[in-house]
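S.K.: For reference, this is model-v9.cif, and it has mmCIF, N, CA and C atoms.
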```cif
data_protein
#
loop_
_atom_site.label_atom_id
_atom_site.label_comp_id
_atom_site.auth_asym_id
_atom_site.auth_seq_id
_atom_site.Cartn_x
_atom_site.Cartn_y
_atom_site.Cartn_z
N MET A 1 0.85 -1.17 0.00
CA MET A 1 0.00 0.00 0.00
C MET A 1 0.90 1.24 0.00
N ASP A 2 0.64 2.12 -0.94
CA ASP A 2 1.51 3.30 -1.03
C ASP A 2 0.97 4.45 -0.15
N GLN A 3 1.72 5.51 -0.10
CA GLN A 3 1.40 6.65 0.75
C GLN A 3 0.04 7.26 0.42
N THR A 4 -0.30 7.34 -0.85
CA THR A 4 -1.57 7.94 -1.28
C THR A 4 -2.75 7.13 -0.75
N GLU A 5 -2.66 5.80 -0.84
CA GLU A 5 -3.73 4.95 -0.34
C GLU A 5 -3.88 5.09 1.18
N LYS A 6 -2.76 5.14 1.88
CA LYS A 6 -2.79 5.32 3.33
C LYS A 6 -3.43 6.66 3.70
N LEU A 7 -3.06 7.69 2.95
CA LEU A 7 -3.62 9.01 3.20
C LEU A 7 -5.13 9.02 2.96
N LEU A 8 -5.58 8.40 1.88
CA LEU A 8 -7.01 8.34 1.58
C LEU A 8 -7.77 7.56 2.65
N MET A 9 -7.18 6.48 3.12
CA MET A 9 -7.83 5.70 4.19
C MET A 9 -7.92 6.53 5.47
N GLY A 10 -6.87 7.29 5.76
CA GLY A 10 -6.89 8.15 6.94
C GLY A 10 -7.97 9.22 6.81
N ILE A 11 -8.10 9.81 5.65
CA ILE A 11 -9.12 10.83 5.42
C ILE A 11 -10.51 10.23 5.56
N GLU A 12 -10.72 9.04 5.00
CA GLU A 12 -12.01 8.37 5.13
C GLU A 12 -12.35 8.11 6.59
N ASN A 13 -11.35 7.70 7.35
CA ASN A 13 -11.55 7.45 8.78
C ASN A 13 -11.94 8.73 9.50
N ILE A 14 -11.25 9.81 9.21
CA ILE A 14 -11.55 11.11 9.83
C ILE A 14 -12.96 11.55 9.48
N LEU A 15 -13.36 11.41 8.21
CA LEU A 15 -14.71 11.78 7.78
C LEU A 15 -15.77 10.94 8.48
N SER A 16 -15.48 9.68 8.70
CA SER A 16 -16.42 8.80 9.38
C SER A 16 -16.60 9.24 10.84
N VAL A 17 -15.49 9.55 11.50
CA VAL A 17 -15.55 10.02 12.89
C VAL A 17 -16.28 11.36 12.96
N ALA A 18 -16.02 12.25 12.02
CA ALA A 18 -16.68 13.55 11.99
C ALA A 18 -18.19 13.38 11.82
N SER A 19 -18.59 12.46 10.97
CA SER A 19 -20.02 12.20 10.75
C SER A 19 -20.66 11.68 12.04
N ASP A 20 -19.96 10.79 12.74
CA ASP A 20 -20.47 10.27 14.01
C ASP A 20 -20.62 11.40 15.04
N LEU A 21 -19.65 12.31 15.05
CA LEU A 21 -19.71 13.44 15.99
C LEU A 21 -20.89 14.36 15.68
N VAL A 22 -21.15 14.61 14.41
CA VAL A 22 -22.29 15.45 14.02
C VAL A 22 -23.59 14.80 14.48
N ASP A 23 -23.70 13.48 14.30
CA ASP A 23 -24.89 12.75 14.76
C ASP A 23 -25.04 12.87 16.28
N GLU A 24 -23.94 12.75 17.00
CA GLU A 24 -23.98 12.83 18.46
C GLU A 24 -24.37 14.23 18.93
N VAL A 25 -23.88 15.25 18.27
CA VAL A 25 -24.26 16.63 18.62
C VAL A 25 -25.76 16.81 18.43
N GLY A 26 -26.31 16.29 17.35
CA GLY A 26 -27.75 16.37 17.12
C GLY A 26 -28.53 15.67 18.21
N ARG A 27 -28.06 14.50 18.62
CA ARG A 27 -28.73 13.75 19.69
C ARG A 27 -28.67 14.52 21.00
N LEU A 28 -27.52 15.10 21.30
CA LEU A 28 -27.37 15.87 22.54
C LEU A 28 -28.25 17.11 22.56
N LYS A 29 -28.44 17.74 21.42
CA LYS A 29 -29.34 18.90 21.34
C LYS A 29 -30.78 18.49 21.62
N ARG A 30 -31.18 17.32 21.13
CA ARG A 30 -32.53 16.83 21.40
C ARG A 30 -32.69 16.52 22.89
N VAL A 31 -31.69 15.92 23.49
CA VAL A 31 -31.73 15.62 24.93
C VAL A 31 -31.80 16.92 25.73
N GLU A 32 -31.04 17.92 25.32
CA GLU A 32 -31.07 19.21 26.01
C GLU A 32 -32.47 19.83 25.94
N GLU A 33 -33.12 19.77 24.80
CA GLU A 33 -34.48 20.30 24.66
C GLU A 33 -35.45 19.54 25.57
N GLU A 34 -35.31 18.22 25.63
CA GLU A 34 -36.16 17.42 26.51
C GLU A 34 -35.94 17.81 27.97
N CYS A 35 -34.69 18.06 28.34
CA CYS A 35 -34.38 18.48 29.71
C CYS A 35 -35.02 19.82 30.03
N LYS A 36 -35.00 20.75 29.09
CA LYS A 36 -35.64 22.05 29.30
C LYS A 36 -37.13 21.88 29.55
N ILE A 37 -37.76 21.03 28.77
CA ILE A 37 -39.20 20.79 28.93
C ILE A 37 -39.48 20.17 30.29
N LEU A 38 -38.66 19.21 30.70
CA LEU A 38 -38.85 18.57 32.00
C LEU A 38 -38.63 19.55 33.15
N LYS A 39 -37.64 20.43 33.03
CA LYS A 39 -37.40 21.44 34.06
C LYS A 39 -38.60 22.36 34.20
N GLU A 40 -39.17 22.77 33.05
CA GLU A 40 -40.34 23.64 33.10
C GLU A 40 -41.51 22.94 33.78
N LYS A 41 -41.72 21.67 33.43
CA LYS A 41 -42.83 20.91 34.03
C LYS A 41 -42.62 20.76 35.53
N LEU A 42 -41.40 20.47 35.93
CA LEU A 42 -41.08 20.33 37.35
C LEU A 42 -41.31 21.65 38.08
N PHE A 43 -40.89 22.73 37.48
CA PHE A 43 -41.07 24.05 38.08
C PHE A 43 -42.55 24.35 38.26
N LEU A 44 -43.35 24.11 37.24
CA LEU A 44 -44.78 24.45 37.28
C LEU A 44 -45.59 23.49 38.14
N LYS A 45 -45.08 22.31 38.39
CA LYS A 45 -45.82 21.30 39.16
C LYS A 45 -46.13 21.77 40.59
N GLN A 46 -45.36 22.69 41.08
CA GLN A 46 -45.58 23.16 42.45
C GLN A 46 -46.80 24.07 42.57
N PHE A 47 -47.38 24.47 41.44
CA PHE A 47 -48.54 25.34 41.45
C PHE A 47 -49.82 24.56 41.19
N THR A 48 -50.93 25.07 41.72
CA THR A 48 -52.23 24.50 41.38
C THR A 48 -52.52 24.83 39.91
N GLU A 49 -53.54 24.20 39.37
CA GLU A 49 -53.90 24.46 37.98
C GLU A 49 -54.25 25.95 37.77
N ALA A 50 -55.00 26.50 38.71
CA ALA A 50 -55.39 27.92 38.61
C ALA A 50 -54.15 28.82 38.69
N GLU A 51 -53.21 28.49 39.57
CA GLU A 51 -51.98 29.27 39.68
C GLU A 51 -51.16 29.16 38.40
N GLN A 52 -51.15 27.99 37.79
CA GLN A 52 -50.43 27.81 36.53
C GLN A 52 -51.01 28.71 35.43
N GLU A 53 -52.34 28.82 35.40
CA GLU A 53 -52.98 29.69 34.41
C GLU A 53 -52.56 31.14 34.62
N VAL A 54 -52.58 31.57 35.87
CA VAL A 54 -52.17 32.94 36.20
C VAL A 54 -50.70 33.15 35.87
N PHE A 55 -49.87 32.18 36.20
CA PHE A 55 -48.43 32.30 35.96
C PHE A 55 -48.14 32.36 34.46
N ALA A 56 -48.85 31.56 33.68
CA ALA A 56 -48.65 31.58 32.22
C ALA A 56 -48.97 32.97 31.66
N LEU A 57 -50.00 33.59 32.18
CA LEU A 57 -50.35 34.94 31.73
C LEU A 57 -49.31 35.96 32.21
N ALA A 58 -48.77 35.74 33.39
CA ALA A 58 -47.72 36.63 33.92
C ALA A 58 -46.47 36.54 33.04
N ILE A 59 -46.14 35.33 32.61
CA ILE A 59 -44.99 35.14 31.73
C ILE A 59 -45.18 35.94 30.44
N ASP A 60 -46.42 35.99 29.97
CA ASP A 60 -46.73 36.74 28.75
C ASP A 60 -46.85 38.25 29.00
N GLY A 61 -46.70 38.68 30.27
CA GLY A 61 -46.67 40.09 30.59
C GLY A 61 -48.01 40.73 30.90
N HIS A 62 -49.02 39.93 31.17
CA HIS A 62 -50.35 40.48 31.45
C HIS A 62 -50.45 41.00 32.89
N SER A 63 -51.21 42.07 33.04
CA SER A 63 -51.44 42.65 34.37
C SER A 63 -52.53 41.86 35.09
N THR A 64 -52.69 42.15 36.37
CA THR A 64 -53.72 41.47 37.17
C THR A 64 -55.11 41.71 36.57
N SER A 65 -55.41 42.94 36.19
CA SER A 65 -56.75 43.22 35.64
C SER A 65 -56.95 42.53 34.30
N GLU A 66 -55.91 42.43 33.49
CA GLU A 66 -56.01 41.70 32.22
C GLU A 66 -56.26 40.21 32.49
N MET A 67 -55.54 39.67 33.48
CA MET A 67 -55.72 38.27 33.84
C MET A 67 -57.15 38.01 34.30
N GLN A 68 -57.66 38.91 35.11
CA GLN A 68 -59.01 38.77 35.65
C GLN A 68 -60.02 38.70 34.52
N LYS A 69 -59.87 39.55 33.53
CA LYS A 69 -60.78 39.56 32.39
C LYS A 69 -60.61 38.31 31.53
N MET A 70 -59.38 37.91 31.29
CA MET A 70 -59.11 36.76 30.42
C MET A 70 -59.57 35.45 31.07
N LEU A 71 -59.40 35.35 32.38
CA LEU A 71 -59.76 34.12 33.09
C LEU A 71 -61.19 34.14 33.62
N VAL A 72 -61.85 35.28 33.49
CA VAL A 72 -63.22 35.47 33.99
C VAL A 72 -63.29 35.06 35.46
N ARG A 73 -62.44 35.72 36.24
CA ARG A 73 -62.39 35.50 37.68
C ARG A 73 -62.38 36.83 38.39
N GLU A 74 -62.71 36.80 39.65
CA GLU A 74 -62.66 38.01 40.46
C GLU A 74 -61.20 38.47 40.55
N GLU A 75 -61.00 39.76 40.59
CA GLU A 75 -59.64 40.29 40.69
C GLU A 75 -58.98 39.82 41.99
N SER A 76 -59.77 39.71 43.05
CA SER A 76 -59.21 39.24 44.32
C SER A 76 -58.71 37.79 44.21
N THR A 77 -59.39 36.99 43.42
CA THR A 77 -58.96 35.60 43.21
C THR A 77 -57.63 35.58 42.47
N VAL A 78 -57.51 36.38 41.43
CA VAL A 78 -56.26 36.45 40.68
C VAL A 78 -55.14 36.95 41.59
N ARG A 79 -55.43 37.95 42.40
CA ARG A 79 -54.42 38.47 43.33
C ARG A 79 -53.97 37.38 44.32
N THR A 80 -54.92 36.58 44.78
CA THR A 80 -54.59 35.48 45.70
C THR A 80 -53.68 34.47 45.02
N HIS A 81 -53.98 34.12 43.78
CA HIS A 81 -53.11 33.18 43.04
C HIS A 81 -51.71 33.76 42.86
N ARG A 82 -51.64 35.03 42.52
CA ARG A 82 -50.34 35.69 42.36
C ARG A 82 -49.56 35.66 43.68
N LYS A 83 -50.25 35.96 44.78
CA LYS A 83 -49.62 35.96 46.10
C LYS A 83 -49.09 34.55 46.43
N ASN A 84 -49.89 33.53 46.13
CA ASN A 84 -49.47 32.14 46.40
C ASN A 84 -48.23 31.77 45.58
N ILE A 85 -48.21 32.18 44.33
CA ILE A 85 -47.05 31.91 43.47
C ILE A 85 -45.80 32.56 44.06
N ILE A 86 -45.92 33.81 44.43
CA ILE A 86 -44.80 34.55 45.00
C ILE A 86 -44.30 33.88 46.28
N GLN A 87 -45.22 33.43 47.13
CA GLN A 87 -44.83 32.75 48.37
C GLN A 87 -44.16 31.42 48.08
N LYS A 88 -44.73 30.64 47.16
CA LYS A 88 -44.16 29.32 46.86
C LYS A 88 -42.75 29.43 46.31
N LEU A 89 -42.48 30.48 45.56
CA LEU A 89 -41.15 30.66 44.99
C LEU A 89 -40.22 31.44 45.90
N ASN A 90 -40.78 31.94 47.01
CA ASN A 90 -39.98 32.71 47.96
C ASN A 90 -39.29 33.90 47.27
N VAL A 91 -40.10 34.64 46.50
CA VAL A 91 -39.62 35.84 45.84
C VAL A 91 -40.47 37.02 46.31
N SER A 92 -40.10 38.23 45.91
CA SER A 92 -40.82 39.42 46.39
C SER A 92 -41.80 40.00 45.38
N SER A 93 -41.76 39.51 44.13
CA SER A 93 -42.67 40.06 43.13
C SER A 93 -42.94 39.03 42.03
N MET A 94 -44.00 39.27 41.28
CA MET A 94 -44.30 38.39 40.16
C MET A 94 -43.23 38.52 39.07
N LYS A 95 -42.70 39.72 38.92
CA LYS A 95 -41.62 39.93 37.95
C LYS A 95 -40.43 39.02 38.29
N GLU A 96 -40.10 38.95 39.56
CA GLU A 96 -38.99 38.11 40.01
C GLU A 96 -39.34 36.62 39.81
N ALA A 97 -40.60 36.26 40.02
CA ALA A 97 -41.04 34.88 39.80
C ALA A 97 -40.88 34.49 38.34
N VAL A 98 -41.30 35.38 37.45
CA VAL A 98 -41.18 35.12 36.01
C VAL A 98 -39.70 35.00 35.63
N GLN A 99 -38.87 35.86 36.17
CA GLN A 99 -37.44 35.79 35.87
C GLN A 99 -36.84 34.48 36.36
N GLN A 100 -37.28 34.02 37.52
CA GLN A 100 -36.79 32.74 38.04
C GLN A 100 -37.15 31.61 37.08
N PHE A 101 -38.37 31.65 36.55
CA PHE A 101 -38.80 30.64 35.58
C PHE A 101 -37.94 30.70 34.32
N LYS A 102 -37.67 31.89 33.85
CA LYS A 102 -36.86 32.04 32.64
C LYS A 102 -35.42 31.61 32.85
N ASN A 103 -34.95 31.66 34.09
CA ASN A 103 -33.57 31.29 34.39
C ASN A 103 -33.37 29.79 34.60
N ILE A 104 -34.44 29.02 34.68
CA ILE A 104 -34.25 27.60 35.04
C ILE A 104 -33.43 26.83 34.01
N HIS A 105 -33.38 27.31 32.79
CA HIS A 105 -32.59 26.61 31.77
C HIS A 105 -31.10 26.75 32.01
N ASP A 106 -30.71 27.77 32.75
CA ASP A 106 -29.29 28.02 33.00
C ASP A 106 -28.82 27.48 34.34
N GLU A 107 -29.74 26.89 35.10
CA GLU A 107 -29.39 26.44 36.45
C GLU A 107 -29.23 24.93 36.51
N SER A 108 -28.45 24.51 37.46
CA SER A 108 -28.31 23.08 37.70
C SER A 108 -29.56 22.60 38.45
N PRO A 109 -29.86 21.30 38.41
CA PRO A 109 -31.05 20.79 39.09
C PRO A 109 -31.09 21.10 40.59
N GLN A 110 -29.93 21.20 41.23
CA GLN A 110 -29.91 21.48 42.66
C GLN A 110 -30.40 22.88 42.97
N LYS A 111 -30.35 23.80 42.01
CA LYS A 111 -30.75 25.16 42.25
C LYS A 111 -32.22 25.41 41.96
N LEU A 112 -32.90 24.44 41.39
CA LEU A 112 -34.33 24.63 41.11
C LEU A 112 -35.10 24.85 42.39
N THR A 113 -36.15 25.61 42.29
CA THR A 113 -37.01 25.90 43.44
C THR A 113 -37.55 24.61 44.04
N ARG A 114 -37.70 24.59 45.34
CA ARG A 114 -38.21 23.41 46.01
C ARG A 114 -39.60 23.06 45.48
N ILE A 115 -39.94 21.81 45.54
CA ILE A 115 -41.27 21.36 45.14
C ILE A 115 -42.09 21.19 46.39
N SER A 116 -43.21 21.90 46.44
CA SER A 116 -44.07 21.83 47.63
C SER A 116 -44.86 20.55 47.66
#
```
The structure given in the file should be rewritten as structure tokens.
M.R.:
Amino acid sequence: MDQTEKLLMGIENILSVASDLVDEVGRLKRVEEECKILKEKLFLKQFTEAEQEVFALAIDGHSTSEMQKMLVREESTVRTHRKNIIQKLNVSSMKEAVQQFKNIHDESPQKLTRIS
């Protein structure tokens, strides 16, 4: 086997390894997306269904009065749900609660909010 054949075989080997690496990167990206979804579900699981509805609207930037109209609930009920969310997350505002939710993708599992 001459030098050219050896070189071609080496190049083929490198291309094969590179192809395997590209496949693995794709698989890891899918796993990462699944982890993000699971983190979100775990985060939201600590809320009641009604609190989850209110929180989803808060994430979208809706005010308490907008939430009340959209959910067809008393404003005091929406305020109670917001207060419960803030307490469960041990934060001082809904803005901070929303930010905590948005940050969960950058945190390790140990830093996620406790599950009640």
S.K.: Determine, counting only C-alpha atoms, which protein, DNA and RNA residues have an atom within 8 Å of an atom of region 81-98 of chain A; residues of the same chain fewer than 2 positions away are not included. Present the result as a PyMOL selection string.
M.R.: chain A and resi 46-47+50-51+54-55+58-59+77-79+100-102+113-114+116
S.K.: Go ahead and compute the interatomic distance for atom N of Asp2 (chain A) and atom C of Ser16 (chain A), in Å to one decimal.
M.R.: 22.1 Å
S.K.: Report, in Å to a single decimal, how far apart CA of Ile104 (chain A) and CA of Lys45 (chain A) are.
M.R.: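 Between these atoms lies a distance of 13.8 Å.
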S.K.: Quick check, in Å to one decimal: how far apart do CA of Ala56 (chain A) and atom C of Gly26 (chain A) lie?
M.R.: 29.2 Å
S.K.: Would you please extract all alpha helix (DSSP H) residues from region 9-114 of chain A, as assigned by DSSP on the backbone, and give them as a ChimeraX atom specification?
M.R.: /A:9-44,49-59,64-71,75-89,94-103
S.K.: Working from the structure I just supplied, which lacks atoms in region 47-69 of chain A, can you model N, CA, C and O atoms there and output them as a CSV table (one decimal), in the coordinates of the input?
M.R.:
```
chain,number,residue,atom,x,y,z
A,47,PHE,N,-47.4,24.5,41.4
A,47,PHE,CA,-48.5,25.3,41.4
A,47,PHE,C,-49.8,24.6,41.2
A,47,PHE,O,-49.8,23.5,40.5
A,48,THR,N,-50.9,25.1,41.7
A,48,THR,CA,-52.2,24.5,41.4
A,48,THR,C,-52.5,24.8,39.9
A,48,THR,O,-51.9,25.7,39.3
A,49,GLU,N,-53.5,24.2,39.4
A,49,GLU,CA,-53.9,24.5,38.0
A,49,GLU,C,-54.2,26.0,37.8
A,49,GLU,O,-53.8,26.6,36.8
A,50,ALA,N,-55.0,26.5,38.7
A,50,ALA,CA,-55.4,27.9,38.6
A,50,ALA,C,-54.2,28.8,38.7
A,50,ALA,O,-54.0,29.8,38.0
A,51,GLU,N,-53.2,28.5,39.6
A,51,GLU,CA,-52.0,29.3,39.7
A,51,GLU,C,-51.2,29.2,38.4
A,51,GLU,O,-50.5,30.1,38.0
A,52,GLN,N,-51.2,28.0,37.8
A,52,GLN,CA,-50.4,27.8,36.5
A,52,GLN,C,-51.0,28.7,35.4
A,52,GLN,O,-50.3,29.3,34.6
A,53,GLU,N,-52.3,28.8,35.4
A,53,GLU,CA,-53.0,29.7,34.4
A,53,GLU,C,-52.6,31.1,34.6
A,53,GLU,O,-52.2,31.8,33.7
A,54,VAL,N,-52.6,31.6,35.9
A,54,VAL,CA,-52.2,32.9,36.2
A,54,VAL,C,-50.7,33.2,35.9
A,54,VAL,O,-50.3,34.2,35.3
A,55,PHE,N,-49.9,32.2,36.2
A,55,PHE,CA,-48.4,32.3,36.0
A,55,PHE,C,-48.1,32.4,34.5
A,55,PHE,O,-47.3,33.1,34.0
A,56,ALA,N,-48.8,31.6,33.7
A,56,ALA,CA,-48.6,31.6,32.2
A,56,ALA,C,-49.0,33.0,31.7
A,56,ALA,O,-48.2,33.5,30.8
A,57,LEU,N,-50.0,33.6,32.2
A,57,LEU,CA,-50.4,34.9,31.7
A,57,LEU,C,-49.3,36.0,32.2
A,57,LEU,O,-49.0,36.9,31.5
A,58,ALA,N,-48.8,35.7,33.4
A,58,ALA,CA,-47.7,36.6,33.9
A,58,ALA,C,-46.5,36.5,33.0
A,58,ALA,O,-45.8,37.6,32.7
A,59,ILE,N,-46.1,35.3,32.6
A,59,ILE,CA,-45.0,35.1,31.7
A,59,ILE,C,-45.2,35.9,30.4
A,59,ILE,O,-44.2,36.5,29.9
A,60,ASP,N,-46.4,36.0,30.0
A,60,ASP,CA,-46.7,36.7,28.8
A,60,ASP,C,-46.8,38.2,29.0
A,60,ASP,O,-47.1,39.0,28.1
A,61,GLY,N,-46.7,38.7,30.3
A,61,GLY,CA,-46.7,40.1,30.6
A,61,GLY,C,-48.0,40.7,30.9
A,61,GLY,O,-48.1,42.0,30.9
A,62,HIS,N,-49.0,39.9,31.2
A,62,HIS,CA,-50.4,40.5,31.4
A,62,HIS,C,-50.4,41.0,32.9
A,62,HIS,O,-49.9,40.4,33.8
A,63,SER,N,-51.2,42.1,33.0
A,63,SER,CA,-51.4,42.6,34.4
A,63,SER,C,-52.5,41.9,35.1
A,63,SER,O,-53.2,41.0,34.5
A,64,THR,N,-52.7,42.2,36.4
A,64,THR,CA,-53.7,41.5,37.2
A,64,THR,C,-55.1,41.7,36.6
A,64,THR,O,-55.9,40.8,36.5
A,65,SER,N,-55.4,42.9,36.2
A,65,SER,CA,-56.8,43.2,35.6
A,65,SER,C,-57.0,42.5,34.3
A,65,SER,O,-58.0,42.1,34.0
A,66,GLU,N,-55.9,42.4,33.5
A,66,GLU,CA,-56.0,41.7,32.2
A,66,GLU,C,-56.3,40.2,32.5
A,66,GLU,O,-57.1,39.6,31.8
A,67,MET,N,-55.5,39.7,33.5
A,67,MET,CA,-55.7,38.3,33.8
A,67,MET,C,-57.2,38.0,34.3
A,67,MET,O,-57.8,37.0,33.9
A,68,GLN,N,-57.7,38.9,35.1
A,68,GLN,CA,-59.0,38.8,35.6
A,68,GLN,C,-60.0,38.7,34.5
A,68,GLN,O,-60.9,37.9,34.5
A,69,LYS,N,-59.9,39.6,33.5
A,69,LYS,CA,-60.8,39.6,32.4
A,69,LYS,C,-60.6,38.3,31.5
A,69,LYS,O,-61.6,37.7,31.1
```
